[in-house]
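K.L.:
Take a look at start28.tsv, TSV, C-alpha atoms and all ligand atoms:
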```tsv
chain	number	residue	atom	x	y	z
S	1	MET	CA	121.96	-60.12	284.00
S	2	SER	CA	123.72	-62.47	281.69
S	3	GLN	CA	121.69	-63.99	278.87
S	4	PRO	CA	122.20	-67.58	277.70
S	5	THR	CA	124.93	-67.97	275.10
S	6	ILE	CA	123.98	-68.49	271.48
S	7	PRO	CA	126.22	-70.98	269.63
S	8	TYR	CA	126.82	-70.88	265.86
S	9	GLY	CA	125.13	-74.24	265.46
S	10	LYS	CA	123.56	-77.06	267.44
S	11	GLN	CA	121.35	-80.11	267.15
S	12	PHE	CA	117.62	-80.35	267.76
S	13	ILE	CA	116.41	-83.53	269.52
S	14	ASP	CA	112.76	-84.08	270.44
S	15	ASP	CA	110.76	-86.76	272.25
S	16	ASP	CA	110.20	-88.71	269.00
S	17	ASP	CA	113.97	-88.96	268.50
S	18	ILE	CA	114.43	-90.19	272.06
S	19	ALA	CA	111.59	-92.70	271.72
S	20	ALA	CA	113.11	-94.04	268.48
S	21	VAL	CA	116.47	-94.66	270.17
S	22	VAL	CA	114.87	-96.20	273.27
S	23	ALA	CA	112.75	-98.51	271.09
S	24	THR	CA	115.93	-99.66	269.33
S	25	LEU	CA	117.70	-100.21	272.66
S	26	LYS	CA	114.85	-102.48	273.72
S	27	SER	CA	114.63	-104.28	270.38
S	28	GLY	CA	117.67	-106.49	270.82
S	29	TRP	CA	119.47	-104.96	267.81
S	30	ILE	CA	121.90	-102.25	268.80
S	31	THR	CA	124.24	-102.54	265.84
S	32	GLN	CA	123.88	-103.85	262.29
S	33	GLY	CA	120.14	-104.40	262.62
S	34	PRO	CA	117.09	-103.31	260.64
S	35	ALA	CA	117.27	-99.60	261.58
S	36	ILE	CA	120.34	-99.08	259.38
S	37	ASP	CA	118.60	-100.49	256.34
S	38	GLN	CA	115.50	-98.39	257.06
S	39	PHE	CA	117.54	-95.22	257.46
S	40	GLU	CA	119.47	-95.88	254.25
S	41	LYS	CA	116.33	-96.59	252.23
S	42	ALA	CA	114.56	-93.50	253.59
S	43	MET	CA	117.50	-91.20	252.79
S	44	ALA	CA	117.99	-92.72	249.33
S	45	ALA	CA	114.29	-92.12	248.63
S	46	PHE	CA	114.46	-88.56	249.96
S	47	CYS	CA	117.38	-87.74	247.65
S	48	GLY	CA	116.25	-89.80	244.68
S	49	ALA	CA	119.37	-92.00	244.82
S	50	LYS	CA	119.49	-95.72	244.09
S	51	HIS	CA	121.73	-96.65	247.02
S	52	ALA	CA	122.76	-95.23	250.39
S	53	VAL	CA	125.45	-96.61	252.72
S	54	ALA	CA	125.49	-95.32	256.30
S	55	VAL	CA	128.82	-95.25	258.14
S	56	CYS	CA	130.22	-94.03	261.47
S	57	ASN	CA	131.08	-90.51	260.23
S	58	ALA	CA	131.60	-88.51	257.02
S	59	THR	CA	135.38	-88.79	257.33
S	60	ALA	CA	135.05	-92.57	257.05
S	61	ALA	CA	132.61	-92.09	254.16
S	62	LEU	CA	135.15	-89.94	252.28
S	63	HIS	CA	137.85	-92.55	252.93
S	64	ILE	CA	135.96	-95.58	251.61
S	65	GLY	CA	134.44	-93.44	248.86
S	66	ALA	CA	137.91	-92.58	247.57
S	67	LEU	CA	138.95	-96.24	247.84
S	68	ALA	CA	135.85	-97.45	246.01
S	69	LEU	CA	136.59	-94.96	243.23
S	70	GLY	CA	139.96	-96.65	242.90
S	71	LEU	CA	142.23	-94.03	244.48
S	72	LYS	CA	145.64	-95.59	245.19
S	73	PRO	CA	149.21	-94.57	246.03
S	74	GLY	CA	150.62	-92.27	243.39
S	75	ASP	CA	147.15	-91.09	242.25
S	76	ARG	CA	145.89	-87.52	242.64
S	77	LEU	CA	142.87	-86.02	244.40
S	78	TRP	CA	141.84	-82.38	244.02
S	79	THR	CA	139.50	-80.57	246.39
S	80	THR	CA	138.90	-77.02	247.59
S	81	PRO	CA	141.01	-75.25	250.24
S	82	ASN	CA	137.82	-73.78	251.74
S	83	THR	CA	136.70	-76.89	253.58
S	84	PHE	CA	137.16	-79.01	256.66
S	85	VAL	CA	140.43	-80.96	256.53
S	86	ALA	CA	138.60	-84.29	256.07
S	87	SER	CA	137.76	-83.49	252.41
S	88	ALA	CA	141.49	-83.50	251.64
S	89	ASN	CA	142.76	-86.05	254.18
S	90	CYS	CA	140.83	-88.88	252.50
S	91	GLY	CA	143.28	-88.59	249.59
S	92	LEU	CA	146.28	-88.87	251.91
S	93	TYR	CA	144.72	-91.93	253.63
S	94	CYS	CA	144.82	-93.66	250.23
S	95	GLY	CA	148.45	-92.71	249.61
S	96	ALA	CA	147.43	-90.26	246.89
S	97	THR	CA	148.73	-86.72	246.35
S	98	VAL	CA	146.33	-83.92	247.28
S	99	ASP	CA	146.03	-80.59	245.48
S	100	PHE	CA	143.49	-77.78	245.60
S	101	VAL	CA	141.41	-75.69	243.21
S	102	ASP	CA	140.81	-72.10	244.34
S	103	VAL	CA	137.33	-70.82	245.10
S	104	ASP	CA	134.80	-68.56	243.44
S	105	PRO	CA	134.80	-65.28	245.41
S	106	ARG	CA	131.00	-65.07	245.23
S	107	THR	CA	130.01	-68.54	246.49
S	108	TYR	CA	133.28	-69.63	248.20
S	109	ASN	CA	132.79	-72.94	246.36
S	110	MET	CA	135.29	-74.52	243.95
S	111	SER	CA	135.69	-72.12	241.02
S	112	VAL	CA	134.75	-73.55	237.63
S	113	SER	CA	137.16	-71.23	235.81
S	114	ALA	CA	140.04	-72.07	238.18
S	115	LEU	CA	139.27	-75.77	237.68
S	116	LYS	CA	139.27	-75.37	233.90
S	117	ALA	CA	142.62	-73.58	233.92
S	118	LYS	CA	144.20	-76.07	236.31
S	119	LEU	CA	142.97	-79.02	234.22
S	120	GLU	CA	144.55	-77.49	231.11
S	121	THR	CA	147.91	-77.15	232.85
S	122	ALA	CA	147.65	-80.65	234.31
S	123	THR	CA	146.85	-82.09	230.89
S	124	GLN	CA	150.07	-80.60	229.52
S	125	ASP	CA	152.10	-81.69	232.56
S	126	GLY	CA	150.56	-85.16	232.75
S	127	THR	CA	149.38	-84.49	236.30
S	128	LEU	CA	145.60	-84.85	235.93
S	129	PRO	CA	143.76	-85.95	239.09
S	130	ASN	CA	141.88	-89.25	239.39
S	131	ILE	CA	139.22	-87.86	241.72
S	132	LEU	CA	137.69	-84.46	242.24
S	133	VAL	CA	136.06	-83.60	245.61
S	134	PRO	CA	133.95	-80.44	245.28
S	135	VAL	CA	132.46	-79.31	248.61
S	136	ASP	CA	129.01	-77.70	248.86
S	137	PHE	CA	130.20	-74.97	251.21
S	138	SER	CA	127.66	-73.71	253.76
S	139	GLY	CA	124.97	-75.91	252.18
S	140	GLN	CA	125.00	-74.29	248.73
S	141	SER	CA	125.65	-76.69	245.83
S	142	CYS	CA	128.73	-76.20	243.69
S	143	GLU	CA	128.14	-75.62	239.98
S	144	MET	CA	127.99	-79.36	239.60
S	145	ALA	CA	126.92	-79.62	235.94
S	146	GLU	CA	129.98	-77.65	234.80
S	147	ILE	CA	132.28	-79.45	237.25
S	148	ARG	CA	130.97	-82.87	236.22
S	149	ALA	CA	131.33	-82.06	232.51
S	150	LEU	CA	134.93	-80.87	232.97
S	151	ALA	CA	135.75	-83.95	235.07
S	152	ALA	CA	134.12	-86.34	232.60
S	153	SER	CA	136.00	-84.86	229.65
S	154	HIS	CA	139.25	-85.78	231.45
S	155	GLY	CA	138.11	-89.18	232.75
S	156	ILE	CA	137.97	-87.97	236.37
S	157	ARG	CA	135.51	-89.37	238.94
S	158	VAL	CA	133.55	-86.98	241.16
S	159	MET	CA	132.89	-87.40	244.90
S	160	GLU	CA	130.73	-84.49	246.11
S	161	ASP	CA	131.32	-83.64	249.77
S	162	ALA	CA	127.82	-82.50	250.69
S	163	SER	CA	128.45	-82.69	254.45
S	164	HIS	CA	126.91	-79.20	254.73
S	165	ALA	CA	124.16	-79.74	252.21
S	166	VAL	CA	121.77	-82.50	253.32
S	167	GLY	CA	118.46	-81.44	251.77
S	168	GLY	CA	120.00	-78.78	249.54
S	169	GLU	CA	118.97	-78.60	245.88
S	170	TYR	CA	120.67	-77.94	242.57
S	171	ARG	CA	118.68	-77.15	239.41
S	172	GLY	CA	115.52	-78.30	241.16
S	173	GLN	CA	116.88	-81.70	242.23
S	174	LYS	CA	117.96	-82.86	245.66
S	175	ILE	CA	121.71	-83.04	246.23
S	176	GLY	CA	122.67	-86.71	246.43
S	177	GLY	CA	120.47	-87.88	243.56
S	178	GLY	CA	123.55	-88.77	241.55
S	179	GLN	CA	122.91	-86.57	238.50
S	180	HIS	CA	126.29	-84.87	238.79
S	181	ALA	CA	128.50	-87.06	240.99
S	182	ASP	CA	129.60	-90.70	241.25
S	183	LEU	CA	129.29	-90.46	245.03
S	184	THR	CA	127.77	-87.91	247.40
S	185	ILE	CA	128.82	-87.67	251.06
S	186	PHE	CA	126.66	-86.48	253.98
S	187	SER	CA	127.72	-85.80	257.58
S	188	PHE	CA	125.39	-86.21	260.56
S	189	HIS	CA	127.66	-84.53	263.12
S	190	PRO	CA	125.53	-82.56	265.63
S	191	VAL	CA	126.33	-79.15	264.11
S	192	LYS	CA	125.20	-80.24	260.64
S	193	ILE	CA	121.65	-80.12	259.24
S	194	MET	CA	120.46	-83.33	260.97
S	195	THR	CA	122.28	-85.63	263.34
S	196	THR	CA	122.97	-89.20	264.41
S	197	GLY	CA	125.46	-88.14	267.11
S	198	GLU	CA	128.32	-89.15	264.85
S	199	GLY	CA	127.49	-90.46	261.43
S	200	GLY	CA	127.92	-90.19	257.71
S	201	MET	CA	126.48	-91.55	254.49
S	202	LEU	CA	127.43	-92.21	250.89
S	203	LEU	CA	124.85	-92.04	248.12
S	204	THR	CA	125.33	-93.50	244.66
S	205	ASN	CA	123.43	-94.82	241.66
S	206	ASP	CA	126.28	-97.19	240.75
S	207	ASP	CA	125.66	-100.85	241.73
S	208	ASP	CA	129.35	-101.76	241.67
S	209	LEU	CA	130.38	-98.83	243.88
S	210	TYR	CA	127.56	-99.73	246.26
S	211	GLN	CA	128.77	-103.33	246.65
S	212	GLN	CA	132.34	-102.16	247.26
S	213	LEU	CA	131.21	-99.64	249.89
S	214	ILE	CA	129.20	-102.29	251.75
S	215	ARG	CA	132.34	-104.46	251.96
S	216	LEU	CA	134.76	-101.64	252.79
S	217	ARG	CA	132.49	-100.49	255.64
S	218	SER	CA	132.89	-103.87	257.35
S	219	HIS	CA	136.42	-105.31	257.06
S	220	GLY	CA	136.18	-106.20	253.36
S	221	ILE	CA	134.13	-109.23	254.38
S	222	THR	CA	131.36	-110.72	252.25
S	223	ARG	CA	129.08	-113.75	252.16
S	224	ASP	CA	127.63	-112.82	248.78
S	225	PRO	CA	128.45	-115.68	246.34
S	226	ARG	CA	128.95	-113.09	243.56
S	227	PHE	CA	132.04	-111.81	245.38
S	228	THR	CA	133.46	-114.82	247.22
S	229	GLN	CA	136.31	-116.72	245.59
S	230	ASN	CA	135.88	-120.26	246.94
S	231	PRO	CA	132.96	-122.60	247.61
S	232	PRO	CA	131.69	-122.10	251.19
S	233	ASP	CA	133.09	-124.34	253.97
S	234	GLY	CA	129.60	-124.33	255.44
S	235	PRO	CA	126.71	-122.04	256.30
S	236	TRP	CA	129.06	-120.11	258.65
S	237	SER	CA	131.43	-119.15	255.83
S	238	TYR	CA	132.54	-115.66	254.94
S	239	GLU	CA	135.49	-114.36	252.97
S	240	GLN	CA	137.61	-111.26	253.32
S	241	VAL	CA	138.09	-110.08	249.74
S	242	ASP	CA	139.09	-106.42	250.33
S	243	LEU	CA	141.11	-104.66	253.03
S	244	GLY	CA	138.17	-102.92	254.70
S	245	PHE	CA	137.56	-101.25	258.06
S	246	ASN	CA	135.08	-101.20	260.88
S	247	TYR	CA	133.31	-98.03	259.78
S	248	ARG	CA	129.83	-99.28	260.70
S	249	ILE	CA	127.17	-97.07	262.23
S	250	THR	CA	125.04	-98.47	265.07
S	251	ASP	CA	121.31	-99.20	264.94
S	252	LEU	CA	120.87	-96.69	267.75
S	253	GLN	CA	122.31	-93.94	265.57
S	254	ALA	CA	120.41	-95.07	262.49
S	255	ALA	CA	117.13	-95.01	264.44
S	256	LEU	CA	117.95	-91.45	265.48
S	257	GLY	CA	118.80	-90.61	261.86
S	258	ALA	CA	115.52	-91.99	260.51
S	259	SER	CA	113.62	-90.00	263.14
S	260	GLN	CA	115.57	-86.83	262.33
S	261	LEU	CA	114.95	-87.34	258.62
S	262	LYS	CA	111.20	-86.99	259.22
S	263	LYS	CA	111.90	-83.49	260.53
S	264	LEU	CA	114.38	-82.57	257.78
S	265	PRO	CA	111.84	-80.60	255.69
S	266	ALA	CA	111.00	-78.52	258.79
S	267	PHE	CA	114.70	-78.07	259.59
S	268	LEU	CA	115.34	-76.84	256.05
S	269	GLN	CA	112.38	-74.50	256.00
S	270	SER	CA	113.42	-72.93	259.29
S	271	ARG	CA	117.03	-72.46	258.13
S	272	ARG	CA	115.80	-70.84	254.90
S	273	GLU	CA	113.57	-68.48	256.86
S	274	LEU	CA	116.41	-67.56	259.21
S	275	ALA	CA	118.68	-66.88	256.22
S	276	ALA	CA	116.04	-64.67	254.59
S	277	ARG	CA	115.59	-62.83	257.87
S	278	TYR	CA	119.33	-62.23	258.20
S	279	ASP	CA	119.50	-61.10	254.56
S	280	GLU	CA	116.83	-58.51	255.16
S	281	LYS	CA	117.95	-57.26	258.56
S	282	ILE	CA	121.68	-56.93	257.88
S	283	ALA	CA	121.37	-55.53	254.34
S	284	ALA	CA	122.29	-52.02	255.44
S	285	LEU	CA	125.31	-53.05	257.53
S	286	PRO	CA	128.90	-52.76	256.21
S	287	LEU	CA	129.32	-56.44	255.33
S	288	THR	CA	128.76	-58.87	252.48
S	289	SER	CA	125.90	-61.30	252.98
S	290	PRO	CA	126.01	-64.75	251.36
S	291	TRP	CA	125.42	-64.64	247.60
S	292	GLN	CA	123.29	-67.41	246.16
S	293	HIS	CA	123.79	-68.86	242.70
S	294	PRO	CA	120.39	-68.97	240.91
S	295	ASP	CA	120.80	-72.73	240.22
S	296	THR	CA	120.96	-73.56	243.92
S	297	LEU	CA	118.67	-73.85	246.94
S	298	SER	CA	120.94	-73.95	249.96
S	299	ALA	CA	120.42	-76.19	252.99
S	300	TRP	CA	121.95	-73.31	255.02
S	301	HIS	CA	124.27	-75.27	257.29
S	302	LEU	CA	126.15	-72.00	257.72
S	303	TYR	CA	125.30	-68.34	257.25
S	304	VAL	CA	128.69	-66.85	256.36
S	305	ILE	CA	129.14	-63.10	256.10
S	306	GLN	CA	132.26	-61.23	255.05
S	307	VAL	CA	133.41	-58.28	257.13
S	308	ASP	CA	136.42	-56.01	256.80
S	309	PRO	CA	139.33	-58.36	257.65
S	310	ALA	CA	140.88	-55.60	259.77
S	311	LYS	CA	137.75	-55.61	261.94
S	312	ARG	CA	136.96	-59.34	261.96
S	313	LEU	CA	138.65	-60.15	265.28
S	314	ALA	CA	136.96	-57.19	267.00
S	315	VAL	CA	133.57	-58.19	265.62
S	316	TYR	CA	134.12	-61.80	266.73
S	317	GLU	CA	135.13	-60.61	270.22
S	318	GLY	CA	132.25	-58.12	270.36
S	319	LEU	CA	129.76	-60.88	269.61
S	320	LYS	CA	131.41	-63.14	272.17
S	321	ALA	CA	131.15	-60.45	274.86
S	322	ALA	CA	127.42	-60.33	274.06
S	323	GLY	CA	127.17	-64.11	274.58
S	324	ILE	CA	127.17	-64.98	270.88
S	325	HIS	CA	129.63	-67.60	269.71
S	326	ALA	CA	130.26	-67.04	266.01
S	327	GLN	CA	132.68	-69.31	264.10
S	328	ILE	CA	135.11	-68.98	261.24
S	329	HIS	CA	134.85	-71.25	258.18
S	330	TYR	CA	137.48	-72.16	257.07
S	331	ILE	CA	141.16	-71.82	257.79
S	332	PRO	CA	142.30	-72.82	254.27
S	333	VAL	CA	143.42	-76.46	254.38
S	334	HIS	CA	146.65	-75.80	252.45
S	335	THR	CA	147.85	-73.44	255.23
S	336	GLN	CA	147.62	-76.16	257.90
S	337	PRO	CA	151.05	-77.35	259.11
S	338	TRP	CA	150.46	-80.87	257.78
S	339	TYR	CA	149.87	-79.48	254.29
S	340	ARG	CA	152.67	-76.90	254.51
S	341	ALA	CA	155.01	-79.83	255.18
S	342	LEU	CA	153.79	-81.24	251.85
S	343	GLY	CA	154.91	-78.05	250.07
S	344	PHE	CA	151.89	-75.73	250.21
S	345	LYS	CA	152.24	-72.17	251.47
S	346	PRO	CA	150.14	-69.07	252.11
S	347	GLY	CA	149.55	-67.30	248.80
S	348	ASP	CA	148.93	-70.52	246.87
S	349	PHE	CA	145.15	-70.06	246.78
S	350	PRO	CA	144.48	-66.34	247.20
S	351	ALA	CA	140.70	-66.40	246.77
S	352	ALA	CA	140.27	-68.97	249.57
S	353	GLU	CA	142.68	-66.99	251.76
S	354	ALA	CA	140.76	-63.76	251.11
S	355	CYS	CA	137.52	-65.53	251.94
S	356	TYR	CA	138.98	-66.77	255.24
S	357	ALA	CA	140.30	-63.31	256.14
S	358	GLY	CA	136.84	-61.74	256.41
S	359	ALA	CA	134.61	-64.74	257.05
S	360	LEU	CA	132.28	-64.97	260.03
S	361	SER	CA	129.60	-67.64	260.50
S	362	LEU	CA	126.59	-66.27	262.36
S	363	PRO	CA	124.38	-68.53	264.51
S	364	MET	CA	122.22	-70.71	262.28
S	365	TYR	CA	120.25	-73.69	263.57
S	366	TYR	CA	116.75	-75.06	263.90
S	367	GLY	CA	115.38	-73.65	267.13
S	368	LEU	CA	117.12	-70.27	266.92
S	369	SER	CA	114.27	-67.96	267.91
S	370	ASP	CA	113.52	-64.67	266.18
S	371	ALA	CA	114.32	-62.93	269.48
S	372	ASP	CA	117.73	-64.59	269.69
S	373	GLN	CA	118.41	-63.86	266.04
S	374	ASP	CA	117.54	-60.21	266.70
S	375	ARG	CA	120.03	-60.28	269.60
S	376	VAL	CA	122.69	-61.50	267.16
S	377	ILE	CA	121.85	-58.78	264.65
S	378	ALA	CA	121.88	-56.03	267.29
S	379	ALA	CA	125.23	-57.22	268.68
S	380	LEU	CA	126.66	-57.42	265.17
S	381	LYS	CA	125.56	-53.86	264.46
S	382	THR	CA	127.13	-52.61	267.68
S	383	ALA	CA	130.37	-54.51	267.03
S	384	LEU	CA	130.64	-53.18	263.46
S	385	GLU	CA	130.07	-49.61	264.61
S	386	ALA	CA	132.61	-49.79	267.47
E	1	LIG	C1	131.85	-82.04	259.01
E	1	LIG	C2	132.56	-82.23	257.72
E	1	LIG	C3	133.23	-83.41	257.39
E	1	LIG	C4	133.47	-84.50	258.39
E	1	LIG	O1	132.33	-84.97	258.94
E	1	LIG	P1	132.38	-86.00	260.18
E	1	LIG	O2	131.03	-86.65	260.09
E	1	LIG	O3	132.57	-85.18	261.40
E	1	LIG	O4	133.49	-86.96	259.95
E	1	LIG	C5	133.76	-83.54	256.13
E	1	LIG	N1	133.66	-82.55	255.22
E	1	LIG	C6	133.06	-81.38	255.51
E	1	LIG	C7	132.97	-80.34	254.47
E	1	LIG	C8	132.50	-81.18	256.78
E	1	LIG	O5	131.94	-80.01	257.08
```
Rewrite the coordinates I just gave you, this time as structure tokens.

P.N.:
Amino acid sequence: MSQPTIPYGKQFIDDDDIAAVVATLKSGWITQGPAIDQFEKAMAAFCGAKHAVAVCNATAALHIGALALGLKPGDRLWTTPNTFVASANCGLYCGATVDFVDVDPRTYNMSVSALKAKLETATQDGTLPNILVPVDFSGQSCEMAEIRALAASHGIRVMEDASHAVGGEYRGQKIGGGQHADLTIFSFHPVKIMTTGEGGMLLTNDDDLYQQLIRLRSHGITRDPRFTQNPPDGPWSYEQVDLGFNYRITDLQAALGASQLKKLPAFLQSRRELAARYDEKIAALPLTSPWQHPDTLSAWHLYVIQVDPAKRLAVYEGLKAAGIHAQIHYIPVHTQPWYRALGFKPGDFPAAEACYAGALSLPMYYGLSDADQDRVIAALKTALEA
């Protein structure tokens, strides 16, 4: 009697989402139509941001975000090792050098004290970064006021990778509102908080960054007379003024995104209830549950526990045997072969490595029933006692 498997994360799609996509399919616009603008305006309003730019995925968003912030060959980008590789790769795409700031052992987010120390050394060495990419790991905001203040005092721009944190809050304000970052990045991959299939978004309050992002998303082409260099040949005219990309999202995806956004408050509430339920029911087990900084309200993309590293594999396998597919977030980026070839090695960022050694992401998604969550908790208990 095998029970259905429980993944660590998955999307939730209802009839309204399907109807929104079908309506767009029938509308005549399947790319670059009105649904993109509607989705962008709705998300900007939700977050309290002036501008939103939707793109084909968050990796593309990070790339054009770094470009818009002026990152070029020879420049430096710093991020956290405890993230998906895309947060760092965007620096390499621009020809910049990538380095990492170790994490806070309580939140697994970029450590403010490690950042401060590294900035002091870099000031002396003349190796200050141009861009900082803090990542709101698991959906919990970084200590953005402190990070922004440190960055600003060194003339560094901030691009917050909030791929995990759509709908999360910091000091009572929605992440993405632009209080503490030049740009904020969201991902709409199906395992994230809400989905467009593939998709990403940049939020900003800066008009100039916004105009650059619009161009970079679509080949660097513009028709806007403020940005063209010559008088138009005719009403058909356009000019390529930047080296951009085709990073556009489709209207089909944007229609799905706008429909999902209506459910975002319910998604968030459910994730917060599941987290509280885990907190309560695993409190007595030999593990560390996720610590929350009092300034934050997590979006709970992930529920990451720490177990004894010597037992982690057995616990993972025990869950799997019970039909529960946990995940591990993250293999520290600097230990990936591509980054080792750039000179990084294990031992460089010990807090991130320690976090990886015991980390286990338990199932967390809208639609996870109490009964299934209890199955996870029971299997975890059994696996820890084995
Ligand atoms: C998922 C993720 C990305 C990449 O998102 P895509 O939309 O899949 O390109 C970038 N950064 C972080 C932290 C992520 O979790």

K.L.:
Can you list, as a list in words, every protein, DNA or RNA residue that comes within 6 Å of Ala254 (chain S) when you count only C-alpha atoms, leaving out same-chain residues fewer than 2 positions away?

P.N.:
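Neighbouring residues, sequence-local ones excluded: Ala35, Ile36, Phe39, Asp251, Leu252, Leu256 and Gly257 of chain S.
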
K.L.:
Could you take the residues named above and write them with C-alpha atoms, as a JSON list (two decimals), in the coordinates of the input?

P.N.:
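Contents of selection-v6.json, as written:
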```
[["chain", "number", "residue", "atom", "x", "y", "z"],
["S", 35, "ALA", "CA", 117.27, -99.60, 261.58],
["S", 36, "ILE", "CA", 120.34, -99.08, 259.38],
["S", 39, "PHE", "CA", 117.54, -95.22, 257.46],
["S", 251, "ASP", "CA", 121.31, -99.20, 264.94],
["S", 252, "LEU", "CA", 120.87, -96.69, 267.75],
["S", 256, "LEU", "CA", 117.95, -91.45, 265.48],
["S", 257, "GLY", "CA", 118.80, -90.61, 261.86]]
```

K.L.:
Would you compute the distance between CA of Pro235 (chain S) and CA of Arg248 (chain S)? Give it in Å to one decimal.

P.N.:
23.4 Å

K.L.:
Please build the interface table for chain S against ligand LIG 1 (chain E) with a cut-off of 7 Å, listing for each qualifying residue the nearest atom pair and the distance in Å to one decimal; count all atoms listed in the file, order rows by chain and increasing number, and write it as a Markdown table.

P.N.:
```
| residue | atom | partner | partner_atom | distance |
| --- | --- | --- | --- | --- |
| S:Asn57 | CA | E:LIG1 | O2 | 3.9 |
| S:Ala58 | CA | E:LIG1 | O2 | 3.6 |
| S:Thr59 | CA | E:LIG1 | O4 | 3.7 |
| S:Ala60 | CA | E:LIG1 | O4 | 6.5 |
| S:Thr83 | CA | E:LIG1 | C7 | 5.2 |
| S:Phe84 | CA | E:LIG1 | C6 | 4.9 |
| S:Ala86 | CA | E:LIG1 | C5 | 4.9 |
| S:Ser87 | CA | E:LIG1 | N1 | 5.1 |
| S:Val135 | CA | E:LIG1 | C7 | 6.0 |
| S:Phe137 | CA | E:LIG1 | C7 | 6.9 |
| S:Asp161 | CA | E:LIG1 | C7 | 6.0 |
| S:Ala162 | CA | E:LIG1 | C7 | 6.7 |
| S:Ser163 | CA | E:LIG1 | C6 | 4.9 |
| S:His164 | CA | E:LIG1 | O5 | 5.6 |
| S:Ser187 | CA | E:LIG1 | O2 | 4.2 |
| S:Phe188 | CA | E:LIG1 | O2 | 5.7 |
| S:His189 | CA | E:LIG1 | O2 | 5.0 |
| S:Glu198 | CA | E:LIG1 | O2 | 6.0 |
| S:Gly199 | CA | E:LIG1 | O2 | 5.4 |
| S:Gly200 | CA | E:LIG1 | O2 | 5.3 |
```

K.L.:
Okay, now the selection with C-alpha atoms, as a compact mmCIF listing (two decimals), in the coordinates of the input?

P.N.:
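Listing of part.txt after writing:
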```
# COMPACT_ATOMS: atom_id res chain seq x y z
CA ASN S 57 131.08 -90.51 260.23
CA ALA S 58 131.60 -88.51 257.02
CA THR S 59 135.38 -88.79 257.33
CA ALA S 60 135.05 -92.57 257.05
CA THR S 83 136.70 -76.89 253.58
CA PHE S 84 137.16 -79.01 256.66
CA ALA S 86 138.60 -84.29 256.07
CA SER S 87 137.76 -83.49 252.41
CA VAL S 135 132.46 -79.31 248.61
CA PHE S 137 130.20 -74.97 251.21
CA ASP S 161 131.32 -83.64 249.77
CA ALA S 162 127.82 -82.50 250.69
CA SER S 163 128.45 -82.69 254.45
CA HIS S 164 126.91 -79.20 254.73
CA SER S 187 127.72 -85.80 257.58
CA PHE S 188 125.39 -86.21 260.56
CA HIS S 189 127.66 -84.53 263.12
CA GLU S 198 128.32 -89.15 264.85
CA GLY S 199 127.49 -90.46 261.43
CA GLY S 200 127.92 -90.19 257.71
```

K.L.:
Between S:Ala310, S:Val166, S:Ile175, S:Ala114, which has the minimum distance to Glu146 (chain S) (counting all atoms listed in the file)?

P.N.:
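That would be S:Ala114, the residue with the smallest distance to Glu146 (chain S).
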
K.L.:
Can you work out which one of S:His329, S:Arg106, S:Arg217, S:Arg277 has the shortest atom-to-atom distance to Gln32 (chain S), counting all atoms listed in the file?

P.N.:
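Comparing S:His329, S:Arg106, S:Arg217, S:Arg277 against Gln32 (chain S), the winner is S:Arg217.
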